[in-house]
Amino acid sequence: MDDKRFDDIRPYNDEEIPAALERIVKDPIFVPAMKFAFPDAKIERVAEVMRTCKTTDDMQERIMYHVIKRVIDSSIRNFTYTGLEHISKDKGHLYISNHRDITLDSFLLQYTLFTNGMPTTATTLGDNLLRNQFVVDICRINRAVRVIRKTDDLSPRQFLVNSQHLAEYMRWYIGQGKSMWIAQRNGRTKDGLDATDQGVLKMVSLSGPSDFVENFSELNLAPIAISYEYEPCDFQKAIEIAVSKLGGTYQKAEGEDIRSILYGIRMPKGDVNIAVCEPITREELEECGKLPKAEAYRLLKEIVDKRIYKNYKLHATNYIAHDLLHNESRYAIHYTAEAVAIFKGRMAQADARFIEAGIDLDTAREVYLGIYANPVDTKIEENE
């Protein structure tokens with residue numbers, strides 16, 4: 001299959017990287033971005049090192065590893081991971097992940113893989129984020145794959161064509177023994193309910209054989225569960241959901257996605273854990289394959305969801321929010337009075353944002369608590 005078929009969505013190849021790096025070091029965003037990532041280094045030295053990068057692997061080793069480590073050191077108290085024993089260096093996987101932060105979910109996975117001597121992955125990224133050339137260059141150098149989002153001016157026919165095109169690239173890429181990360185749904189989880197969208201599963205199957213088992217066997221699905229003690233952009237998510245609950249339509253401001261990326265990177269996140277779940281087995285796919293197609297997708301969705309729920313790491317914030325939401329002390333054994341005070345302090349900050357946005361406070365608070373409380377319920381349901 002000719003790679004040129006995918007020029008509109010693929011990451012940069014090695015020949016394109018030097019020119020992209022030159023654009024990056026000359027961009028006005030470069031200086032403030034690198035001052036955050038390398039606070040003790042001279043900007044000229046960072047630019048010099050960046051210009052020595054000739055491949056994505058060079059860029060990830062010499063620059064991105066240190067950028068992500070800086071994010072971890074400055075905003076995460078404890079970063080942990082589990083499950084790397086489930087995957088092989090020699091096999092490509094489609095990692096299907098719950099999605100809490102625009103960029104960090106994938107970046108933290110790349111950091112985990114890199115520090116353990118494992119190949120990093122390509123990452124699907126919505127084209128709504130690929131509008132600024134600096135962002136485009138950084139992301140495409142780091143194996144970002146462009147996902148053409150559904151919009152009002154895109155016909156259903158064209159959307160299907162675009163989805164099939166992406167699915168073909170994903171299957172081709174994984175067939176080369178390389179891995180790719182994809183979110184379990186379109187956009188971030190904003191309500192704490194990490195439910196896989198069956199539409200994502202149907203999309204990735206568009207390029208495969210008609211046989212359900214063979215189709216998904218080729219993709220080597222491996223769910224990923226990422227959990228944050230303090231949810232990135234929690235109050236922004238609560239505002240968006242509250243507006244919808246109150247019958248309105250949330251309209252993003254110009255540049256809001258970029259601001260959310262920066263806020264998610266900088267804000268304190270407490271403890272963060274990534275769990276690489278056991279890949280979906282052929283036996284499980286065969287159970288799905290016994291069913292009519294619609295039910296087969298539903299069962300596969302449930303299998304993926306259960307993997308994520310099982311491996312999601314609950315924090316004190318989840319238990320505190322659940323008890324506050326339901327006005328009880330059912331989970332008091334899982335937190336301290338100090339942790340409650342800290343969480344309530346964060347809630348007070350969120351309240352100020354809700355008032356500033358003109359959102360009904362009771363509705364916004366309920367949504368805000370639900371972001372943290374809902375994982376407790378899904379975890380309990382999975383274990384019953």
# chains A, B, ... in the order shown; residues from 1 in each chain; ligands from 1
>>> closest_atom_pairs(of="segment 290-349 of chain A", to="segment 210-221 of chain A", cutoff="10 Å", atoms="only C-alpha atoms", output="Markdown table")
| residue | atom | partner | partner_atom | distance |
| --- | --- | --- | --- | --- |
| A:Lys290 | CA | A:Phe212 | CA | 9.2 |
| A:Leu291 | CA | A:Phe212 | CA | 9.8 |
| A:Pro292 | CA | A:Phe212 | CA | 10.0 |
| A:Lys293 | CA | A:Phe212 | CA | 7.9 |
| A:Ala296 | CA | A:Phe212 | CA | 8.1 |
| A:Tyr297 | CA | A:Phe212 | CA | 9.0 |
| A:Leu300 | CA | A:Phe216 | CA | 9.8 |
| A:Val304 | CA | A:Leu221 | CA | 8.8 |
>>> write_last_selection(atoms="C-alpha atoms", output="compact mmCIF listing (two decimals), in the first residue's frame")
# COMPACT_ATOMS: atom_id res chain seq x y z
CA LYS A 290 -21.23 -15.56 17.83
CA LEU A 291 -23.69 -12.67 18.05
CA PRO A 292 -25.38 -10.54 15.38
CA LYS A 293 -23.16 -7.61 14.39
CA ALA A 296 -21.18 -8.10 18.85
CA TYR A 297 -20.11 -4.45 18.95
CA LEU A 300 -16.93 -5.74 22.70
CA VAL A 304 -13.27 -2.75 26.82
>>> residues_around(residues="segment 326-332 of chain A", least_positions_apart="2", cutoff="12 Å", atoms="only C-alpha atoms", output="JSON, numbers by chain")
{"A": [314, 315, 316, 317, 318, 319, 320, 321, 322, 323, 324, 334, 335, 336, 337, 339, 340, 366, 369, 370, 373, 374, 376, 377]}
>>> residues_around(residues="segment 74-89 of chain A", least_positions_apart="2", cutoff="8 Å", atoms="only C-alpha atoms", output="count of residues only")
23
>>> atom_distance(atom1="atom CA of Arg171 of chain A", atom2="atom CA of Gln198 of chain A")
17.8 Å
>>> atom_distance(atom1="atom CA of Leu361 of chain A", atom2="atom CA of Arg100 of chain A")
23.2 Å
>>> closest_residue(among="A:Gly199, A:Gly187, A:Gly264, A:Gly358", to="Asn128 of chain A", atoms="only C-alpha atoms")
A:Gly187
